[in-house]
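Enquirer: Contents of entry.txt (compact mmCIF, C-alpha atoms and all ligand atoms):
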# COMPACT_ATOMS: atom_id res chain seq x y z
CA MET J 1 283.84 83.66 159.49
CA SER J 2 280.17 83.05 160.19
CA TYR J 3 277.38 84.80 158.33
CA GLN J 4 276.53 86.77 161.47
CA GLU J 5 280.03 88.15 161.91
CA ASN J 6 280.05 89.37 158.31
CA LEU J 7 276.75 91.21 158.50
CA VAL J 8 278.30 94.62 159.13
CA GLU J 9 281.68 95.71 157.83
CA ILE J 10 283.61 98.97 157.72
CA ALA J 11 282.30 99.62 154.19
CA ASP J 12 278.73 99.56 155.55
CA ILE J 13 279.67 102.12 158.20
CA GLN J 14 281.36 104.33 155.61
CA ALA J 15 278.24 104.07 153.42
CA ALA J 16 276.11 105.00 156.44
CA ALA J 17 278.34 108.04 157.03
CA LYS J 18 277.57 109.21 153.47
CA ARG J 19 273.82 108.69 153.96
CA ILE J 20 273.67 110.72 157.17
CA TYR J 21 276.11 113.39 155.96
CA GLY J 22 274.64 116.88 156.37
CA ILE J 23 271.58 115.42 158.13
CA ALA J 24 272.92 113.98 161.37
CA ARG J 25 275.11 116.38 163.27
CA ARG J 26 278.85 115.81 163.31
CA THR J 27 279.05 116.01 167.09
CA PRO J 28 281.89 117.78 168.89
CA VAL J 29 284.84 116.04 170.52
CA LEU J 30 285.52 117.72 173.88
CA THR J 31 288.53 117.58 176.15
CA SER J 32 289.01 118.58 179.78
CA THR J 33 292.30 119.51 181.44
CA THR J 34 290.88 118.33 184.78
CA VAL J 35 290.00 114.92 183.34
CA ASN J 36 293.43 114.62 181.73
CA GLN J 37 295.04 115.43 185.10
CA ILE J 38 292.87 113.02 187.09
CA THR J 39 293.46 110.14 184.66
CA GLN J 40 297.03 111.05 183.65
CA SER J 41 295.91 110.40 180.08
CA GLN J 42 294.73 112.33 177.04
CA VAL J 43 290.96 111.87 176.95
CA PHE J 44 288.61 112.67 174.05
CA PHE J 45 284.87 112.72 174.66
CA LYS J 46 282.67 112.17 171.60
CA CYS J 47 279.52 114.01 172.62
CA GLU J 48 276.37 112.42 171.22
CA ASN J 49 274.28 114.38 173.70
CA PHE J 50 274.59 117.05 170.99
CA GLN J 51 273.22 114.73 168.28
CA ARG J 52 269.77 115.50 166.85
CA THR J 53 267.11 114.08 169.23
CA GLY J 54 269.76 114.06 171.98
CA SER J 55 271.42 110.69 171.37
CA PHE J 56 273.33 108.64 168.78
CA LYS J 57 270.12 106.69 168.03
CA PHE J 58 269.29 109.13 165.21
CA ARG J 59 272.29 107.83 163.23
CA GLY J 60 271.09 104.24 163.07
CA ALA J 61 267.46 105.24 162.61
CA TYR J 62 268.19 107.47 159.63
CA ASN J 63 270.54 104.92 158.08
CA ALA J 64 267.90 102.17 158.38
CA LEU J 65 264.91 104.20 157.21
CA SER J 66 266.69 105.68 154.20
CA GLN J 67 267.39 102.16 152.87
CA LEU J 68 263.78 100.92 152.84
CA SER J 69 262.11 100.21 149.51
CA GLU J 70 259.70 102.80 148.10
CA SER J 71 256.72 100.63 149.03
CA GLN J 72 258.01 100.10 152.59
CA LYS J 73 258.54 103.85 152.90
CA GLN J 74 254.98 104.56 151.80
CA LYS J 75 253.41 102.10 154.21
CA GLY J 76 255.53 103.22 157.15
CA VAL J 77 257.51 101.77 160.05
CA ILE J 78 256.79 100.75 163.61
CA THR J 79 258.94 100.30 166.70
CA PHE J 80 258.50 99.72 170.40
CA SER J 81 260.44 102.01 172.67
CA SER J 82 259.73 104.80 175.07
CA GLY J 83 263.25 106.07 174.87
CA ASN J 84 265.81 107.50 172.52
CA HIS J 85 265.25 105.02 169.69
CA ALA J 86 261.63 106.21 169.42
CA GLN J 87 262.76 109.80 169.01
CA GLY J 88 265.44 108.82 166.49
CA ILE J 89 262.93 106.89 164.38
CA ALA J 90 260.29 109.62 164.66
CA LEU J 91 262.65 112.35 163.43
CA ALA J 92 264.19 110.19 160.69
CA GLY J 93 260.67 109.34 159.49
CA LYS J 94 259.64 112.97 159.49
CA LEU J 95 262.71 114.01 157.46
CA LEU J 96 262.26 111.18 154.96
CA GLY J 97 258.47 111.50 154.69
CA ILE J 98 257.91 108.03 156.18
CA PRO J 99 254.96 107.55 158.57
CA THR J 100 256.12 106.26 161.97
CA THR J 101 254.23 104.42 164.69
CA ILE J 102 255.70 104.09 168.17
CA VAL J 103 254.37 101.60 170.72
CA MET J 104 254.83 103.02 174.23
CA PRO J 105 253.80 101.99 177.73
CA GLU J 106 250.85 103.97 179.14
CA ASN J 107 253.07 105.28 181.90
CA ALA J 108 255.88 106.55 179.63
CA PRO J 109 257.42 109.79 180.90
CA LYS J 110 255.56 112.80 179.55
CA VAL J 111 258.75 114.47 178.24
CA LYS J 112 259.44 111.46 176.01
CA LEU J 113 255.86 111.30 174.78
CA THR J 114 255.84 115.01 173.96
CA ALA J 115 259.19 114.79 172.15
CA THR J 116 258.10 111.79 170.09
CA ARG J 117 254.76 113.36 169.14
CA GLY J 118 256.60 116.56 168.30
CA TYR J 119 258.21 114.68 165.41
CA ASP J 120 254.74 113.69 164.11
CA ALA J 121 254.93 110.02 165.11
CA GLU J 122 251.70 108.18 165.87
CA VAL J 123 251.92 106.88 169.45
CA ILE J 124 250.04 103.74 170.45
CA PHE J 125 249.84 102.95 174.15
CA TYR J 126 249.83 99.57 175.81
CA ASN J 127 249.31 98.47 179.36
CA SER J 128 252.59 96.90 180.41
CA GLN J 129 250.78 94.79 183.02
CA LYS J 130 248.49 93.20 180.44
CA ALA J 131 250.14 93.15 177.02
CA SER J 132 253.51 92.18 175.61
CA ARG J 133 254.83 95.05 173.54
CA GLU J 134 256.62 92.71 171.14
CA GLU J 135 253.38 90.87 170.39
CA LEU J 136 251.41 94.07 170.05
CA THR J 137 254.04 95.51 167.70
CA GLN J 138 254.06 92.36 165.57
CA ASN J 139 250.26 92.30 165.34
CA LEU J 140 250.08 95.97 164.35
CA ALA J 141 252.88 95.51 161.81
CA ARG J 142 251.04 92.58 160.22
CA GLU J 143 247.64 94.33 160.19
CA LYS J 144 248.92 97.57 158.69
CA ASP J 145 251.82 96.13 156.67
CA LEU J 146 254.40 98.21 158.57
CA THR J 147 258.14 97.46 158.72
CA ILE J 148 259.48 96.83 162.23
CA ILE J 149 262.70 98.72 163.02
CA PRO J 150 264.26 97.23 166.17
CA PRO J 151 266.43 99.39 168.46
CA PHE J 152 269.75 97.54 168.07
CA ASP J 153 269.57 94.07 166.49
CA HIS J 154 269.61 95.15 162.84
CA PRO J 155 272.62 95.54 160.49
CA HIS J 156 271.59 99.01 159.29
CA ILE J 157 271.11 100.24 162.85
CA ILE J 158 274.52 98.87 163.87
CA ALA J 159 276.24 100.43 160.82
CA GLY J 160 274.62 103.80 161.55
CA GLN J 161 275.73 103.77 165.20
CA GLY J 162 279.27 102.90 164.02
CA THR J 163 279.58 106.32 162.37
CA THR J 164 280.06 107.72 165.89
CA ALA J 165 283.47 106.04 166.24
CA LEU J 166 284.30 106.69 162.58
CA GLU J 167 283.98 110.45 163.16
CA LEU J 168 285.92 110.31 166.43
CA ILE J 169 288.83 108.46 164.81
CA GLU J 170 288.82 110.78 161.79
CA GLU J 171 289.15 113.68 164.19
CA VAL J 172 291.66 112.46 166.80
CA GLY J 173 293.55 109.69 164.98
CA GLU J 174 295.32 106.94 166.90
CA LEU J 175 293.72 105.82 170.20
CA ASP J 176 294.90 103.25 172.75
CA LEU J 177 291.47 102.64 174.29
CA LEU J 178 287.89 103.36 173.33
CA LEU J 179 285.25 103.15 176.08
CA ILE J 180 281.64 102.55 175.00
CA CYS J 181 278.46 101.93 176.98
CA CYS J 182 276.38 98.88 176.19
CA GLY J 183 272.65 98.17 176.29
CA GLY J 184 271.54 95.87 173.48
CA GLY J 185 274.90 96.34 171.79
CA GLY J 186 274.10 98.34 168.64
CA LEU J 187 276.46 101.17 169.53
CA ILE J 188 279.35 99.04 170.75
CA CYS J 189 279.17 96.67 167.76
CA GLY J 190 279.10 99.46 165.18
CA CYS J 191 281.87 101.37 166.95
CA GLY J 192 283.85 98.18 167.59
CA ILE J 193 283.82 97.30 163.89
CA ALA J 194 284.87 100.82 162.87
CA THR J 195 287.65 100.88 165.48
CA LYS J 196 289.12 97.45 164.80
CA SER J 197 289.12 98.16 161.06
CA LEU J 198 290.85 101.55 161.32
CA LEU J 199 292.91 101.15 164.51
CA PRO J 200 293.54 97.42 165.02
CA ASN J 201 295.64 98.07 168.14
CA CYS J 202 293.01 100.11 169.94
CA ARG J 203 291.31 98.20 172.78
CA VAL J 204 287.51 98.39 172.72
CA ILE J 205 286.02 98.32 176.21
CA GLY J 206 282.33 97.89 176.97
CA VAL J 207 280.78 99.45 180.08
CA GLU J 208 277.52 98.43 181.79
CA PRO J 209 275.81 99.24 185.07
CA ALA J 210 276.69 96.59 187.67
CA GLN J 211 272.92 96.23 188.17
CA ALA J 212 272.44 95.31 184.49
CA ASP J 213 275.58 93.32 183.70
CA ASP J 214 274.12 90.80 181.25
CA ALA J 215 276.47 91.70 178.38
CA THR J 216 279.49 91.45 180.70
CA ARG J 217 278.40 87.97 181.79
CA SER J 218 277.60 86.98 178.19
CA PHE J 219 281.01 88.20 177.01
CA TYR J 220 283.01 86.29 179.63
CA SER J 221 280.92 83.09 179.57
CA LYS J 222 280.46 83.17 175.76
CA THR J 223 276.83 82.18 176.36
CA LEU J 224 273.97 84.66 176.07
CA GLN J 225 272.92 85.84 179.55
CA PHE J 226 269.84 87.81 180.59
CA VAL J 227 268.68 90.32 183.16
CA ASN J 228 265.06 91.11 184.05
CA ASN J 229 263.83 94.64 184.78
CA PRO J 230 267.18 95.71 186.25
CA ASP J 231 267.05 98.43 188.84
CA THR J 232 269.45 100.96 187.34
CA ILE J 233 269.17 104.67 186.74
CA ALA J 234 270.79 104.08 183.33
CA ASP J 235 267.52 103.41 181.49
CA GLY J 236 269.21 102.99 178.09
CA ALA J 237 271.04 99.94 179.46
CA ARG J 238 268.00 98.14 180.88
CA THR J 239 267.71 95.86 177.83
CA ARG J 240 267.16 92.21 178.69
CA SER J 241 270.12 90.89 176.70
CA LEU J 242 272.34 91.35 173.68
CA GLY J 243 270.69 90.37 170.38
CA GLU J 244 271.12 87.49 167.96
CA ILE J 245 273.18 89.75 165.72
CA THR J 246 274.95 91.86 168.34
CA PHE J 247 276.10 88.99 170.59
CA PRO J 248 278.50 87.34 168.09
CA LEU J 249 279.75 90.78 167.02
CA VAL J 250 280.45 91.73 170.64
CA LEU J 251 282.48 88.52 171.08
CA LYS J 252 284.49 89.36 167.98
CA TYR J 253 285.08 93.11 168.29
CA VAL J 254 285.15 93.89 172.03
CA ASP J 255 288.28 93.27 174.14
CA GLU J 256 286.95 93.73 177.65
CA PHE J 257 283.81 94.53 179.66
CA VAL J 258 283.59 96.34 182.99
CA THR J 259 280.74 97.50 185.21
CA VAL J 260 280.10 100.62 187.27
CA SER J 261 277.93 101.18 190.36
CA GLU J 262 274.86 103.40 190.53
CA GLU J 263 276.78 105.79 192.78
CA ALA J 264 279.58 105.98 190.22
CA ILE J 265 277.09 106.79 187.45
CA ILE J 266 275.53 109.61 189.46
CA ARG J 267 278.84 111.05 190.64
CA THR J 268 280.09 111.05 187.05
CA MET J 269 276.95 112.70 185.71
CA PHE J 270 277.31 115.40 188.32
CA PHE J 271 281.00 115.84 187.52
CA ILE J 272 280.37 116.19 183.77
CA TRP J 273 277.54 118.67 184.26
CA GLU J 274 279.66 120.80 186.57
CA ARG J 275 283.11 120.52 185.02
CA MET J 276 282.36 120.15 181.34
CA LYS J 277 279.18 122.26 181.37
CA ILE J 278 277.19 119.81 179.30
CA VAL J 279 273.91 118.04 180.04
CA VAL J 280 274.29 114.27 179.95
CA GLU J 281 271.91 111.46 180.87
CA PRO J 282 272.74 108.57 183.22
CA THR J 283 273.29 106.01 180.43
CA GLY J 284 275.30 108.63 178.58
CA VAL J 285 278.03 108.69 181.23
CA LEU J 286 278.60 104.94 181.72
CA ALA J 287 281.82 104.92 179.69
CA ALA J 288 283.08 108.10 181.36
CA ALA J 289 282.30 106.61 184.80
CA ALA J 290 284.57 103.62 184.16
CA LEU J 291 287.45 106.03 183.55
CA LEU J 292 286.73 108.74 186.11
CA GLU J 293 286.02 106.24 188.88
CA GLY J 294 289.28 104.40 188.18
CA VAL J 295 287.72 101.11 187.01
CA ILE J 296 289.83 101.55 183.86
CA LYS J 297 293.29 103.02 184.35
CA ASN J 298 295.86 103.47 181.63
CA PRO J 299 298.18 106.41 182.42
CA GLY J 300 300.09 107.91 179.54
CA SER J 301 297.64 106.75 176.89
CA LYS J 302 295.16 108.29 174.47
CA ILE J 303 291.60 107.37 175.39
CA GLY J 304 288.32 107.87 173.54
CA VAL J 305 285.08 107.98 175.55
CA ILE J 306 281.65 108.01 173.95
CA ILE J 307 279.03 110.10 175.73
CA SER J 308 275.94 108.49 174.25
CA GLY J 309 273.11 110.88 175.09
CA GLY J 310 271.72 113.79 177.04
CA ASN J 311 268.00 113.19 177.44
CA VAL J 312 267.30 113.53 181.09
CA ASP J 313 264.44 114.82 183.19
CA LEU J 314 266.41 117.25 185.35
CA LYS J 315 263.67 117.43 187.99
CA GLU J 316 263.76 113.65 188.47
CA VAL J 317 267.53 113.29 188.46
CA GLY J 318 267.97 116.28 190.76
CA LYS J 319 266.13 114.34 193.47
CA LEU J 320 268.67 111.55 193.29
CA PHE J 321 271.63 113.74 194.08
CA SER J 322 270.67 114.27 197.68
CA PHE J 323 270.23 110.53 198.07
CA TYR J 324 273.49 109.45 196.48
CA LEU J 325 275.66 112.45 197.21
CA PRO J 326 274.91 113.46 200.80
CA GLU J 327 276.84 116.56 201.79
CA ASN J 328 279.81 115.79 203.95
C1 LIG I 1 270.21 103.20 173.43
C2 LIG I 1 271.19 103.89 174.26
C3 LIG I 1 272.32 103.20 174.76
C4 LIG I 1 272.55 101.73 174.51
O1 LIG I 1 272.76 101.48 173.15
P1 LIG I 1 272.72 100.00 172.56
O2 LIG I 1 272.92 100.16 171.11
O3 LIG I 1 271.36 99.42 172.90
O4 LIG I 1 273.80 99.23 173.23
C5 LIG I 1 273.23 103.92 175.49
N1 LIG I 1 273.06 105.24 175.75
C6 LIG I 1 272.00 105.92 175.29
C7 LIG I 1 271.88 107.37 175.62
C8 LIG I 1 271.03 105.27 174.52
O5 LIG I 1 269.98 105.96 174.08
Please express what this file holds, its structure, as structure tokens.
Expert:
Amino acid sequence: MSYQENLVEIADIQAAAKRIYGIARRTPVLTSTTVNQITQSQVFFKCENFQRTGSFKFRGAYNALSQLSESQKQKGVITFSSGNHAQGIALAGKLLGIPTTIVMPENAPKVKLTATRGYDAEVIFYNSQKASREELTQNLAREKDLTIIPPFDHPHIIAGQGTTALELIEEVGELDLLLICCGGGGLICGCGIATKSLLPNCRVIGVEPAQADDATRSFYSKTLQFVNNPDTIADGARTRSLGEITFPLVLKYVDEFVTVSEEAIIRTMFFIWERMKIVVEPTGVLAAAALLEGVIKNPGSKIGVIISGGNVDLKEVGKLFSFYLPEN
């Protein structure tokens, strides 16, 4: 086995579960009779929209930050993200007394900015036309001696995200399939490792927007593929590619990748809001869309579905419904 493939193991995920115990929420597993009827299966939704900060990102962030050295903790951490990773890092830093700096584009949505600042993070803006956020982050980290915490390509982040599947399996036991959305691959790698260690016969299936199918192409061609500024409503899956660490783990722990259309994502979000009475974000429903839209069919089986987050600007998404779901 290569060094990369060994970077995260079930023991690391179990250790992460201990670190986040009593701090991260143990999120509920929901079921729906309607969904079971539609799919002719027993479906279990692990609902990370109920996680602190509204997505699973808090798990990895807290696991990573709590393992820094005392001197790293004192100096602080930095990350670039306008999304859920920023909020996860900001809250983890606040709880652990670690100063956090978040590099965000000038035009970041106000809700995200307010949420991040609400957790006492220092926000530094950049002009996405002029500056590269990676370069800016690296320069700031060097100047101020801050530790960079990337959103997915880090063993402690991956192990933290894996606690999502660990909890689901502890609660529901045997599963035939587990459906997981994929952006940069932190969630699917952590959950894939947990699943294959505890339930070797369970198939792990990755789901991406068809408009941002880089991981699907990378998986089937076994060569890292990219996508640039993909036009998908699922903003958590707009990452350019899998990472150096996540790519080999995806090849090892994932059995299959599928994609879903923008219409499928929006129909599914609407369905989950209405039928399950929970607020979910577009990226959060990717895995559910593969099942509810019939891309994945496996009647008579037990299926786990990870709902990854619920941070959505309802005013913005509401506008899309009339476009994608015209009344008929
Ligand atoms: C970050 C994120 C993803 C993608 O996770 P990766 O670890 O980058 O694959 C999916 N859904 C939500 C809600 C996210 O915040």
Enquirer: Pick out the residues no farther than 7 Å from ligand LIG 1 (chain I), counting all atoms listed in the file, and list them as a list in words.
Expert: Ser55, Phe56, Lys57, Gly83, Asn84, His85, Pro151, Phe152, Cys181, Cys182, Gly183, Gly184, Gly185, Gly186, Leu187, Ile188, Gly236, Ala237, Glu281, Thr283, Gly284, Ser308, Gly309 and Gly310 of chain J
Enquirer: Between J:Ile149, J:Leu224, J:Ile272, J:Ala159, single out the one closest to Leu251 in chain J, counting only C-alpha atoms.
Expert: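 Checking each candidate against Leu251 in chain J, we get J:Leu224 as the closest.
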Enquirer: Which residue is closest to Asp231 in chain J? Choose from J:Ala210, J:Leu249, J:Val123, J:Val317 and count all atoms listed in the file.
Expert: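 Once distances to Asp231 in chain J are computed over all atoms listed in the file, the minimum belongs to J:Ala210.
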Enquirer: Would you be able to write out as a short mmCIF file (atom, residue, chain, number, x, y, z; two decimals) with C-alpha atoms, in the frame of the given file which residues have an atom within 12 Å of (256.5, 113.7, 178.0) in the file's coordinates, counting only C-alpha atoms?
Expert:
data_model
loop_
_atom_site.label_atom_id
_atom_site.label_comp_id
_atom_site.auth_asym_id
_atom_site.auth_seq_id
_atom_site.Cartn_x
_atom_site.Cartn_y
_atom_site.Cartn_z
CA SER J 82 259.73 104.80 175.07
CA GLY J 83 263.25 106.07 174.87
CA GLN J 87 262.76 109.80 169.01
CA MET J 104 254.83 103.02 174.23
CA GLU J 106 250.85 103.97 179.14
CA ASN J 107 253.07 105.28 181.90
CA ALA J 108 255.88 106.55 179.63
CA PRO J 109 257.42 109.79 180.90
CA LYS J 110 255.56 112.80 179.55
CA VAL J 111 258.75 114.47 178.24
CA LYS J 112 259.44 111.46 176.01
CA LEU J 113 255.86 111.30 174.78
CA THR J 114 255.84 115.01 173.96
CA ALA J 115 259.19 114.79 172.15
CA THR J 116 258.10 111.79 170.09
CA ARG J 117 254.76 113.36 169.14
CA GLY J 118 256.60 116.56 168.30
CA VAL J 123 251.92 106.88 169.45
CA ASN J 311 268.00 113.19 177.44
CA VAL J 312 267.30 113.53 181.09
CA ASP J 313 264.44 114.82 183.19
#
Enquirer: Hey, which of J:Thr246, J:Gln138, J:Gln72, J:Gln161 ends up closest to Gly190 in chain J? Count all atoms listed in the file.
Expert: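 Closest to Gly190 in chain J of all the choices is J:Gln161.
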Enquirer: Show me, as a ChimeraX atom specification, the residues that have an atom within 12 Å of Ile38 in chain J when counting only C-alpha atoms, minus same-chain residues fewer than 6 positions from it.
Expert: /J:32,291-294,297-300
Enquirer: Between J:Thr27, J:Ser132, J:Asn36, J:Thr164, single out the one closest to Gly60 in chain J, counting all atoms listed in the file.
Expert: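 Closest to Gly60 in chain J of all the choices is J:Thr164.
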Enquirer: Between CA of Glu174 in chain J and CA of Asp213 in chain J, what is the distance, to one decimal in Å?
Expert: 29.3 Å
Enquirer: Mind pulling up the distance from CA of Arg133 in chain J to CA of Lys94 in chain J?
Expert: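 Between CA of Lys94 in chain J and CA of Arg133 in chain J the gap is 23.3 Å.
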Enquirer: Compile the contact shell of Thr101 in chain J as a list in words: residues with an atom at most 6 Å away, counting all atoms listed in the file, same-chain residues fewer than 6 positions apart removed.
Expert: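 Here the qualifying residues turn out to be Ile78, Ala121, Glu122 and Val123 of chain J.
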Enquirer: Kindly export the residues of the current selection with C-alpha atoms, as a compact mmCIF listing (two decimals), in the coordinates of the input.
Expert:
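Now in selection37.txt:
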# COMPACT_ATOMS: atom_id res chain seq x y z
CA ILE J 78 256.79 100.75 163.61
CA ALA J 121 254.93 110.02 165.11
CA GLU J 122 251.70 108.18 165.87
CA VAL J 123 251.92 106.88 169.45
Enquirer: My list of candidates is J:Phe270, J:Asn49, J:Val35, J:Gln42. Which is closest to Ser301 in chain J when distances are computed with all atoms listed in the file?
Expert: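 Closest to Ser301 in chain J, using all atoms listed in the file: J:Gln42.
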